[in-house]
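What follows is a short report on a single structure.
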Amino acid sequence: MNSEILTVNNLHAGYDEHDVLKAISLAIHERSFVGIIGPNGSGKSTFMQVIARSLPQRDGEILLLGESLTSYSFREFGQQVGYVPQECEIKFKYPVYEVVMMGRNPHIDRFCSPSAEDHEIVRKALEQTGTMDFADRPITALSGGERQRVMIARVLAQDPALLLLDEPFAHIDIHHQYELIRIIRETSRGKRAVIGVFHDINLAAAYCDELVIMSDGKIRACGKPDKVLTTGLIQEIFRIKPVIDVNPTTGTPFVYVEDEWNLPAAKNVNVHLISGGGAGSHLISLLVHAGYSLKCGVLSENDSDCRMARKYDVPTLIEPPFSLLSPEKEEKLKEQVLDADFVIVTAMPIGWGNYPNIRVLENINPEKIIFIIPPGEVLADFTSGVATGTIKRLITAGAHQVYGPAELLEILQSGTNQNSSDFIK
Amino acid sequence: MNTIRNSLILLSLGCAVVIAVLLSVVTGPVEISVIDIITGAISNGTEAQIIFDIRLPRAIAAALVGAGLACAGAAMQTLFRNDLADPYTLGTSAGGAVGVSLAIISGALLLVPFGAFFGAIGSAFLVYILAADRKRLSTGNLLLTGIAVSMFFSSVVSVCLVFSGNNMHQIMFWLMGGLWNASWADIPLLLITLIPAGILILFSRDLNIMSCGEAETRTLGIDPEKTKLLLLAVSAGITGLVVSVSGSIGFIGLVSPHIMRIITGPDHRILIPASLGCGAILLVCADTVSRTWLGDLPVGIVTAFFGAPFFLMLIRRRSDL
């Protein structure tokens, strides 16, 4: 285990009478990049303020490199802890070079000027952050993204053991966000630790080694991003309906928020969805939320539709990856589609492997079938036209063909009414 | 920091101060030829007396007073994070006036410098404490507090005036601000102000960082509370010392840093020494003008005449008032 840079035990702090932070305990090790996430008012900025000594602690213990935070003189403190604010607030026309040189202040004696070494360190920081080109320009003449890069150059020149970032990307476009977070992650690889408060959960999950999730002044979870980002916790503290997926480019958790469809309640309508290749994922979410009793299949186990169905606990017929649809599964599917009030078929690629999914539809009333074929889309048919022939036959026989979810819901809704009137009869 | 450029700026300012003092010495109601001075033709007699006993100490005093007010103004503008701050607008000078008045009516004329010194420091902290809300000093809050404190102090001074009897003219002189009485005896006291001015220069890197935002001062190695209190005491101390000689003179402390910031930029390492020079030049010129052509009008009136419009201009440029 790497040595501890910051140790926080049972920390209480706050404004006025009430404590914003309640019994925070945390250990930050060197070579780690820790992201703090949590809703507004959860205490993450307060925590950063206490560590940056802008706000006094009320109770508990904060150890920086093994010694009490308050035992440091501000000069020693500045040699160990650097801080990047949300936004650079400098209103005076200091040249960028001088702003970065301010990072060296805790290292330079009051009676001395910056040494050759200080100048060398500043130049390196400027190069590392790509700010060398405007070293001589006044900081006030730069854009927000450029200014924030200068702030990061300054903290790199400061060379602290612990680097604090308080929502450093709040005002920065996505390009610069990623550029800067990569620079920051790189610096956390030395004998240093970085703590950052982030609003963007996915950015934090992709780049931080560990996440600390705060709400209501307490630490709710702490650990590797894929361990702490759970649907239940995210839903509870952020009050959203999260879906936690995997970021395909980084392999890290990726949280997105479900759309809240405003739909009339549908009761007792059985819908079977035949899809594949990810073509049906959004429909699974939509139909489940609309209250339809949904079943899926047959799907290949590694299909993203299959993963989606599992997320929502939708009963699904599943075959192992890359295998042909077995006669037993086809028989089960036949039972299910006969049983269903509607069968929805998405525009998926069809080959001999999943052709039975279509073939089985010839056994049921074609009016129950709804094909979703977006405008201008040609079915990817790998069965030499056999599947297309079947679909055309079904449509001629009365199967619905719609362009998208809106029309689909219309048909399902009207069907619901019919069914209920049938039921009354 | 562009060292060559900064050295040139300071060198030219230094020369300008010397030239201003020399011009001031040869200018006045009694015309004295420059050539006569250089050739030593007037080594004694009335003319020599005018030059060496009256005009020279007065010009040097004006230079030191102006320099002191200007560097105090430069520091206060940063400490209060407010470009309208200076010893006059913040009531520091008024506090000095109270101290002086009390010293005069109590008959302890020797205590006048101490009265000015402690009055100024007390008033600076009073305004700071009254105007400070949690995070930062808003311009409106600060100016209104400064005005309120000044008004309160001038009422105290008025009371002193009423009870001053024969000493009334001394207090009046002090209130208007002038250098009539400046003599060689005042110069050592004024030279002392160069020590606190040197402290301000030593803290110029801290001032730079403090001018860049509150949040990061601590992590950049500065204890903001302690530094603020120390530098505020230093600036108010400078103010107290100089006003004990000159009375309260406005706007030099406000205007000089602003003019210099245009030339030097915001870096206090150059801004404070440059402001010293600029304040010296401005006050020497203002005093010479008033002495020569305005019937020795109190120089505070001259600086206010030119400084007040400048102050208005600064206010109009701001939006957060």
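By order of appearance in the structure tokens: chains A, B, ..., then residues from 1 within every chain, and ligands from 1 in the order shown.
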Write out as JSON lines a residue-level contact list of chain A versus chain B with cut-off 9 Å: for each qualifying residue the closest pair of atoms and the distance in Å to one decimal, counting only C-alpha atoms, rows sorted by chain and residue number upward.
```
{"residue": "A:Gln49", "atom": "CA", "partner": "B:Ala215", "partner_atom": "CA", "distance": 8.7}
{"residue": "A:Ala52", "atom": "CA", "partner": "B:Thr219", "partner_atom": "CA", "distance": 6.5}
{"residue": "A:Arg53", "atom": "CA", "partner": "B:Arg218", "partner_atom": "CA", "distance": 7.0}
{"residue": "A:Ser54", "atom": "CA", "partner": "B:Ala215", "partner_atom": "CA", "distance": 7.3}
{"residue": "A:Ser73", "atom": "CA", "partner": "B:Gly221", "partner_atom": "CA", "distance": 8.1}
{"residue": "A:Phe74", "atom": "CA", "partner": "B:Gly221", "partner_atom": "CA", "distance": 4.8}
{"residue": "A:Arg75", "atom": "CA", "partner": "B:Gly221", "partner_atom": "CA", "distance": 4.0}
{"residue": "A:Glu76", "atom": "CA", "partner": "B:Gly221", "partner_atom": "CA", "distance": 6.9}
{"residue": "A:Phe77", "atom": "CA", "partner": "B:Gly221", "partner_atom": "CA", "distance": 6.3}
{"residue": "A:Gly78", "atom": "CA", "partner": "B:Gly221", "partner_atom": "CA", "distance": 4.1}
{"residue": "A:Gln79", "atom": "CA", "partner": "B:Gly221", "partner_atom": "CA", "distance": 7.1}
{"residue": "A:Gln80", "atom": "CA", "partner": "B:Thr219", "partner_atom": "CA", "distance": 8.3}
{"residue": "A:Val81", "atom": "CA", "partner": "B:Thr219", "partner_atom": "CA", "distance": 5.9}
{"residue": "A:Gly82", "atom": "CA", "partner": "B:Thr219", "partner_atom": "CA", "distance": 5.4}
{"residue": "A:Tyr83", "atom": "CA", "partner": "B:Thr219", "partner_atom": "CA", "distance": 6.2}
{"residue": "A:Val84", "atom": "CA", "partner": "B:Glu216", "partner_atom": "CA", "distance": 7.7}
{"residue": "A:Pro85", "atom": "CA", "partner": "B:Ala215", "partner_atom": "CA", "distance": 7.2}
{"residue": "A:Cys88", "atom": "CA", "partner": "B:Gly213", "partner_atom": "CA", "distance": 8.2}
{"residue": "A:Glu89", "atom": "CA", "partner": "B:Gly213", "partner_atom": "CA", "distance": 6.0}
{"residue": "A:Ile90", "atom": "CA", "partner": "B:Cys212", "partner_atom": "CA", "distance": 4.6}
{"residue": "A:Lys91", "atom": "CA", "partner": "B:Cys212", "partner_atom": "CA", "distance": 7.0}
{"residue": "A:Phe92", "atom": "CA", "partner": "B:Pro266", "partner_atom": "CA", "distance": 6.1}
{"residue": "A:Lys93", "atom": "CA", "partner": "B:Pro266", "partner_atom": "CA", "distance": 6.3}
{"residue": "A:Tyr94", "atom": "CA", "partner": "B:Pro266", "partner_atom": "CA", "distance": 6.4}
{"residue": "A:Pro95", "atom": "CA", "partner": "B:Met1", "partner_atom": "CA", "distance": 8.5}
{"residue": "A:Tyr97", "atom": "CA", "partner": "B:Met1", "partner_atom": "CA", "distance": 8.5}
{"residue": "A:Glu98", "atom": "CA", "partner": "B:Met1", "partner_atom": "CA", "distance": 7.0}
{"residue": "A:Val99", "atom": "CA", "partner": "B:Ile209", "partner_atom": "CA", "distance": 8.5}
{"residue": "A:Met102", "atom": "CA", "partner": "B:Ile209", "partner_atom": "CA", "distance": 6.8}
{"residue": "A:Gly103", "atom": "CA", "partner": "B:Leu220", "partner_atom": "CA", "distance": 6.3}
{"residue": "A:Arg104", "atom": "CA", "partner": "B:Leu220", "partner_atom": "CA", "distance": 7.9}
{"residue": "A:Asn105", "atom": "CA", "partner": "B:Leu220", "partner_atom": "CA", "distance": 6.2}
{"residue": "A:Pro106", "atom": "CA", "partner": "B:Gly221", "partner_atom": "CA", "distance": 4.7}
{"residue": "A:His107", "atom": "CA", "partner": "B:Gly221", "partner_atom": "CA", "distance": 8.4}
{"residue": "A:Arg110", "atom": "CA", "partner": "B:Leu202", "partner_atom": "CA", "distance": 6.8}
{"residue": "A:Phe111", "atom": "CA", "partner": "B:Leu202", "partner_atom": "CA", "distance": 7.0}
{"residue": "A:Gln158", "atom": "CA", "partner": "B:Leu220", "partner_atom": "CA", "distance": 8.0}
```
With N, CA, C and O atoms kept, could you save the residues just selected as a tab-separated table (two decimals), in the first residue's frame?
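Printed below is part_31.tsv as written:
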```tsv
chain	number	residue	atom	x	y	z
A	49	GLN	N	-13.04	22.92	1.36
A	49	GLN	CA	-12.67	24.16	2.05
A	49	GLN	C	-11.95	23.88	3.37
A	49	GLN	O	-11.03	24.60	3.74
A	52	ALA	N	-8.52	22.81	2.54
A	52	ALA	CA	-7.74	23.96	2.06
A	52	ALA	C	-7.58	25.01	3.16
A	52	ALA	O	-7.05	26.09	2.91
A	53	ARG	N	-8.08	24.72	4.34
A	53	ARG	CA	-7.98	25.58	5.52
A	53	ARG	C	-8.71	26.91	5.38
A	53	ARG	O	-8.39	27.88	6.05
A	54	SER	N	-9.72	26.94	4.48
A	54	SER	CA	-10.53	28.15	4.39
A	54	SER	C	-11.62	28.14	5.43
A	54	SER	O	-12.24	29.16	5.72
A	73	SER	N	2.57	25.68	9.45
A	73	SER	CA	2.47	27.11	9.16
A	73	SER	C	1.92	27.21	7.73
A	73	SER	O	1.98	26.24	6.97
A	74	PHE	N	1.36	28.37	7.38
A	74	PHE	CA	0.77	28.46	6.05
A	74	PHE	C	1.82	28.28	4.96
A	74	PHE	O	1.53	27.78	3.88
A	75	ARG	N	3.03	28.67	5.28
A	75	ARG	CA	4.11	28.50	4.32
A	75	ARG	C	4.40	27.01	4.05
A	75	ARG	O	4.43	26.57	2.91
A	76	GLU	N	4.50	26.24	5.16
A	76	GLU	CA	4.70	24.79	5.01
A	76	GLU	C	3.49	24.15	4.35
A	76	GLU	O	3.62	23.25	3.52
A	77	PHE	N	2.33	24.64	4.73
A	77	PHE	CA	1.08	24.12	4.17
A	77	PHE	C	1.06	24.31	2.65
A	77	PHE	O	0.74	23.40	1.90
A	78	GLY	N	1.46	25.53	2.21
A	78	GLY	CA	1.49	25.83	0.78
A	78	GLY	C	2.50	24.98	0.02
A	78	GLY	O	2.38	24.81	-1.18
A	79	GLN	N	3.49	24.46	0.72
A	79	GLN	CA	4.46	23.60	0.04
A	79	GLN	C	3.88	22.20	-0.19
A	79	GLN	O	4.36	21.46	-1.04
A	80	GLN	N	2.84	21.86	0.58
A	80	GLN	CA	2.29	20.49	0.49
A	80	GLN	C	0.93	20.41	-0.16
A	80	GLN	O	0.56	19.35	-0.66
A	81	VAL	N	0.16	21.49	-0.11
A	81	VAL	CA	-1.21	21.41	-0.62
A	81	VAL	C	-1.45	22.50	-1.66
A	81	VAL	O	-1.20	23.68	-1.41
A	82	GLY	N	-1.91	22.09	-2.83
A	82	GLY	CA	-2.25	23.05	-3.88
A	82	GLY	C	-3.73	23.01	-4.16
A	82	GLY	O	-4.39	21.99	-3.92
A	83	TYR	N	-4.27	24.09	-4.66
A	83	TYR	CA	-5.71	24.20	-4.83
A	83	TYR	C	-6.03	24.83	-6.19
A	83	TYR	O	-5.45	25.85	-6.55
A	84	VAL	N	-6.93	24.21	-6.91
A	84	VAL	CA	-7.39	24.79	-8.18
A	84	VAL	C	-8.85	25.18	-8.00
A	84	VAL	O	-9.69	24.34	-7.69
A	85	PRO	N	-9.15	26.48	-8.12
A	85	PRO	CA	-10.53	26.92	-7.88
A	85	PRO	C	-11.44	26.57	-9.05
A	85	PRO	O	-10.97	26.15	-10.11
A	88	CYS	N	-10.87	30.83	-12.47
A	88	CYS	CA	-9.82	31.79	-12.17
A	88	CYS	C	-10.45	33.17	-12.02
A	88	CYS	O	-11.12	33.66	-12.91
A	89	GLU	N	-10.24	33.77	-10.85
A	89	GLU	CA	-10.94	35.04	-10.57
A	89	GLU	C	-10.05	36.26	-10.75
A	89	GLU	O	-10.41	37.35	-10.35
A	90	ILE	N	-8.86	36.07	-11.31
A	90	ILE	CA	-7.91	37.18	-11.36
A	90	ILE	C	-8.46	38.29	-12.26
A	90	ILE	O	-8.79	38.06	-13.41
A	91	LYS	N	-8.54	39.49	-11.69
A	91	LYS	CA	-9.09	40.60	-12.46
A	91	LYS	C	-8.00	41.55	-12.94
A	91	LYS	O	-8.27	42.46	-13.71
A	92	PHE	N	-6.78	41.35	-12.46
A	92	PHE	CA	-5.70	42.25	-12.86
A	92	PHE	C	-4.87	41.62	-13.97
A	92	PHE	O	-4.80	40.41	-14.11
A	93	LYS	N	-4.20	42.49	-14.72
A	93	LYS	CA	-3.51	42.02	-15.92
A	93	LYS	C	-2.13	41.43	-15.62
A	93	LYS	O	-1.13	41.88	-16.18
A	94	TYR	N	-2.07	40.45	-14.73
A	94	TYR	CA	-0.80	39.77	-14.50
A	94	TYR	C	-0.45	38.93	-15.72
A	94	TYR	O	-1.31	38.24	-16.25
A	95	PRO	N	0.81	38.95	-16.13
A	95	PRO	CA	1.20	38.05	-17.21
A	95	PRO	C	1.07	36.59	-16.74
A	95	PRO	O	1.28	36.31	-15.55
A	97	TYR	N	2.90	34.11	-17.05
A	97	TYR	CA	4.13	33.60	-16.44
A	97	TYR	C	4.18	33.94	-14.95
A	97	TYR	O	4.53	33.10	-14.12
A	98	GLU	N	3.80	35.18	-14.61
A	98	GLU	CA	3.84	35.59	-13.20
A	98	GLU	C	2.78	34.87	-12.38
A	98	GLU	O	2.99	34.58	-11.22
A	99	VAL	N	1.63	34.60	-13.00
A	99	VAL	CA	0.59	33.87	-12.29
A	99	VAL	C	1.09	32.47	-11.94
A	99	VAL	O	0.91	31.98	-10.82
A	102	MET	N	3.47	32.45	-9.13
A	102	MET	CA	2.86	32.56	-7.80
A	102	MET	C	2.79	31.19	-7.13
A	102	MET	O	2.80	31.09	-5.90
A	103	GLY	N	2.70	30.15	-7.93
A	103	GLY	CA	2.69	28.79	-7.37
A	103	GLY	C	3.97	28.48	-6.62
A	103	GLY	O	3.99	27.63	-5.73
A	104	ARG	N	5.04	29.16	-6.98
A	104	ARG	CA	6.33	28.91	-6.31
A	104	ARG	C	6.42	29.67	-4.99
A	104	ARG	O	7.38	29.47	-4.23
A	105	ASN	N	5.47	30.56	-4.72
A	105	ASN	CA	5.57	31.44	-3.56
A	105	ASN	C	5.90	30.73	-2.24
A	105	ASN	O	6.77	31.18	-1.50
A	106	PRO	N	5.24	29.60	-1.95
A	106	PRO	CA	5.57	28.95	-0.66
A	106	PRO	C	7.01	28.43	-0.61
A	106	PRO	O	7.50	28.11	0.47
A	107	HIS	N	7.65	28.33	-1.77
A	107	HIS	CA	9.01	27.77	-1.79
A	107	HIS	C	10.08	28.86	-1.79
A	107	HIS	O	11.26	28.58	-1.68
A	110	ARG	N	11.01	35.10	1.68
A	110	ARG	CA	10.51	36.47	1.53
A	110	ARG	C	11.58	37.44	1.04
A	110	ARG	O	11.29	38.37	0.30
A	111	PHE	N	12.82	37.21	1.45
A	111	PHE	CA	13.87	38.17	1.09
A	111	PHE	C	14.59	37.79	-0.20
A	111	PHE	O	15.58	38.40	-0.56
A	158	GLN	N	3.66	24.60	-8.26
A	158	GLN	CA	3.69	24.56	-6.80
A	158	GLN	C	4.20	23.21	-6.30
A	158	GLN	O	4.77	23.13	-5.22
```
Any idea what's packed within 8 Å of A:Ile358, counting only C-alpha atoms, ignoring anything in its chain fewer than 5 positions away? Could you give it as a compact mmCIF listing (two decimals) with N, CA and C atoms, in the first residue's frame?
```
# COMPACT_ATOMS: atom_id res chain seq x y z
N ALA A 387 -36.32 -14.25 -45.28
CA ALA A 387 -36.92 -13.51 -44.16
C ALA A 387 -37.76 -12.36 -44.69
N THR A 390 -41.04 -13.54 -45.89
CA THR A 390 -41.98 -13.84 -44.80
C THR A 390 -42.61 -12.55 -44.27
N ILE A 391 -41.75 -11.55 -44.05
CA ILE A 391 -42.25 -10.29 -43.49
C ILE A 391 -43.27 -9.65 -44.43
```
*Apply DSSP to the structure's backbone, then extract all residues of stretch 235-276 of chain B labelled alpha helix (DSSP H) and return them as an MDAnalysis selection string.*
chainID B and resid 235:246 252:264 268:276
Go ahead and save the residues from that selection, with N, CA and C atoms, as an mmCIF file, in the first residue's frame.
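Output (again03.cif):
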```cif
data_model
loop_
_atom_site.group_PDB
_atom_site.id
_atom_site.type_symbol
_atom_site.label_atom_id
_atom_site.label_comp_id
_atom_site.auth_asym_id
_atom_site.auth_seq_id
_atom_site.Cartn_x
_atom_site.Cartn_y
_atom_site.Cartn_z
ATOM 1 N N SER B 235 0.066 50.217 6.619
ATOM 2 C CA SER B 235 -0.407 51.315 5.759
ATOM 3 C C SER B 235 -1.012 52.431 6.592
ATOM 4 N N ALA B 236 -1.800 52.050 7.596
ATOM 5 C CA ALA B 236 -2.408 53.077 8.434
ATOM 6 C C ALA B 236 -1.322 53.819 9.217
ATOM 7 N N GLY B 237 -0.278 53.083 9.620
ATOM 8 C CA GLY B 237 0.835 53.713 10.326
ATOM 9 C C GLY B 237 1.531 54.746 9.455
ATOM 10 N N ILE B 238 1.772 54.400 8.203
ATOM 11 C CA ILE B 238 2.379 55.361 7.275
ATOM 12 C C ILE B 238 1.502 56.600 7.184
ATOM 13 N N THR B 239 0.192 56.347 6.995
ATOM 14 C CA THR B 239 -0.744 57.463 6.887
ATOM 15 C C THR B 239 -0.671 58.354 8.121
ATOM 16 N N GLY B 240 -0.701 57.705 9.294
ATOM 17 C CA GLY B 240 -0.661 58.463 10.534
ATOM 18 C C GLY B 240 0.581 59.334 10.623
ATOM 19 N N LEU B 241 1.734 58.759 10.285
ATOM 20 C CA LEU B 241 2.978 59.512 10.362
ATOM 21 C C LEU B 241 2.969 60.716 9.424
ATOM 22 N N VAL B 242 2.577 60.489 8.172
ATOM 23 C CA VAL B 242 2.655 61.610 7.230
ATOM 24 C C VAL B 242 1.610 62.664 7.539
ATOM 25 N N VAL B 243 0.396 62.247 7.936
ATOM 26 C CA VAL B 243 -0.607 63.275 8.180
ATOM 27 C C VAL B 243 -0.314 64.059 9.466
ATOM 28 N N SER B 244 0.518 63.507 10.340
ATOM 29 C CA SER B 244 0.856 64.275 11.540
ATOM 30 C C SER B 244 1.683 65.504 11.145
ATOM 31 N N VAL B 245 2.330 65.449 10.012
ATOM 32 C CA VAL B 245 3.085 66.600 9.518
ATOM 33 C C VAL B 245 2.248 67.477 8.605
ATOM 34 N N SER B 246 1.489 66.838 7.714
ATOM 35 C CA SER B 246 0.863 67.603 6.627
ATOM 36 C C SER B 246 -0.609 67.888 6.866
ATOM 37 N N ILE B 252 -4.187 61.803 -3.141
ATOM 38 C CA ILE B 252 -2.866 61.388 -3.630
ATOM 39 C C ILE B 252 -2.759 59.860 -3.551
ATOM 40 N N GLY B 253 -3.231 59.323 -2.420
ATOM 41 C CA GLY B 253 -3.179 57.880 -2.213
ATOM 42 C C GLY B 253 -4.085 57.119 -3.154
ATOM 43 N N LEU B 254 -5.118 57.778 -3.614
ATOM 44 C CA LEU B 254 -6.049 57.124 -4.531
ATOM 45 C C LEU B 254 -5.535 57.138 -5.962
ATOM 46 N N VAL B 255 -5.073 58.314 -6.370
ATOM 47 C CA VAL B 255 -4.751 58.540 -7.777
ATOM 48 C C VAL B 255 -3.432 57.878 -8.175
ATOM 49 N N SER B 256 -2.405 58.031 -7.327
ATOM 50 C CA SER B 256 -1.068 57.566 -7.729
ATOM 51 C C SER B 256 -1.024 56.085 -8.133
ATOM 52 N N PRO B 257 -1.575 55.167 -7.311
ATOM 53 C CA PRO B 257 -1.495 53.761 -7.736
ATOM 54 C C PRO B 257 -2.220 53.503 -9.055
ATOM 55 N N HIS B 258 -3.311 54.233 -9.261
ATOM 56 C CA HIS B 258 -4.058 54.013 -10.511
ATOM 57 C C HIS B 258 -3.248 54.446 -11.726
ATOM 58 N N ILE B 259 -2.603 55.598 -11.599
ATOM 59 C CA ILE B 259 -1.779 56.069 -12.719
ATOM 60 C C ILE B 259 -0.642 55.075 -12.971
ATOM 61 N N MET B 260 -0.028 54.617 -11.876
ATOM 62 C CA MET B 260 1.126 53.737 -12.033
ATOM 63 C C MET B 260 0.742 52.365 -12.567
ATOM 64 N N ARG B 261 -0.472 51.895 -12.181
ATOM 65 C CA ARG B 261 -0.905 50.586 -12.674
ATOM 66 C C ARG B 261 -0.994 50.575 -14.193
ATOM 67 N N ILE B 262 -1.354 51.728 -14.753
ATOM 68 C CA ILE B 262 -1.428 51.807 -16.217
ATOM 69 C C ILE B 262 -0.042 51.586 -16.816
ATOM 70 N N ILE B 263 0.976 52.124 -16.149
ATOM 71 C CA ILE B 263 2.328 52.045 -16.698
ATOM 72 C C ILE B 263 3.028 50.742 -16.312
ATOM 73 N N THR B 264 2.895 50.341 -15.046
ATOM 74 C CA THR B 264 3.688 49.201 -14.573
ATOM 75 C C THR B 264 2.924 47.888 -14.601
ATOM 76 N N HIS B 268 2.841 44.237 -7.588
ATOM 77 C CA HIS B 268 3.197 45.143 -6.494
ATOM 78 C C HIS B 268 4.696 45.334 -6.332
ATOM 79 N N ARG B 269 5.479 44.380 -6.816
ATOM 80 C CA ARG B 269 6.933 44.526 -6.677
ATOM 81 C C ARG B 269 7.419 45.785 -7.376
ATOM 82 N N ILE B 270 6.721 46.173 -8.436
ATOM 83 C CA ILE B 270 7.076 47.420 -9.125
ATOM 84 C C ILE B 270 6.060 48.512 -8.822
ATOM 85 N N LEU B 271 4.799 48.092 -8.600
ATOM 86 C CA LEU B 271 3.739 49.081 -8.382
ATOM 87 C C LEU B 271 3.986 49.930 -7.132
ATOM 88 N N ILE B 272 4.420 49.291 -6.049
ATOM 89 C CA ILE B 272 4.585 50.061 -4.805
ATOM 90 C C ILE B 272 5.737 51.063 -4.905
ATOM 91 N N PRO B 273 6.928 50.646 -5.349
ATOM 92 C CA PRO B 273 7.988 51.661 -5.522
ATOM 93 C C PRO B 273 7.590 52.747 -6.519
ATOM 94 N N ALA B 274 6.915 52.359 -7.581
ATOM 95 C CA ALA B 274 6.512 53.353 -8.583
ATOM 96 C C ALA B 274 5.500 54.329 -7.999
ATOM 97 N N SER B 275 4.572 53.792 -7.166
ATOM 98 C CA SER B 275 3.587 54.675 -6.540
ATOM 99 C C SER B 275 4.260 55.671 -5.606
ATOM 100 N N LEU B 276 5.281 55.201 -4.894
ATOM 101 C CA LEU B 276 6.040 56.118 -4.034
ATOM 102 C C LEU B 276 6.504 57.321 -4.843
#
```
*Excluding A:Arg31 and residues on its chain fewer than 2 positions from it, collect all residues at most 6 Å away from it, counting only C-alpha atoms, and give them as a list in words.*
Ser188, Arg189, Gly190, Lys191, Arg192 and Ala193 of chain A
If you keep N, CA, C and O atoms, can you produce a file of those selected residues as a short mmCIF file (atom, residue, chain, number, x, y, z; two decimals), in the first residue's frame?
```cif
data_model
loop_
_atom_site.label_atom_id
_atom_site.label_comp_id
_atom_site.auth_asym_id
_atom_site.auth_seq_id
_atom_site.Cartn_x
_atom_site.Cartn_y
_atom_site.Cartn_z
N SER A 188 -1.06 12.76 -10.89
CA SER A 188 -1.35 11.97 -9.69
C SER A 188 -0.54 10.68 -9.69
O SER A 188 -0.56 9.94 -8.73
N ARG A 189 0.20 10.42 -10.76
CA ARG A 189 0.99 9.19 -10.82
C ARG A 189 2.33 9.33 -10.10
O ARG A 189 3.01 8.36 -9.86
N GLY A 190 2.73 10.56 -9.81
CA GLY A 190 3.97 10.76 -9.07
C GLY A 190 3.74 10.54 -7.58
O GLY A 190 2.77 9.89 -7.18
N LYS A 191 4.62 11.05 -6.75
CA LYS A 191 4.42 10.90 -5.31
C LYS A 191 3.41 11.94 -4.83
O LYS A 191 3.75 12.89 -4.15
N ARG A 192 2.20 11.75 -5.23
CA ARG A 192 1.22 12.81 -5.01
C ARG A 192 -0.16 12.19 -4.99
O ARG A 192 -0.38 11.11 -5.52
N ALA A 193 -1.10 12.89 -4.35
CA ALA A 193 -2.50 12.47 -4.43
C ALA A 193 -3.32 13.64 -4.92
O ALA A 193 -2.97 14.79 -4.69
#
```
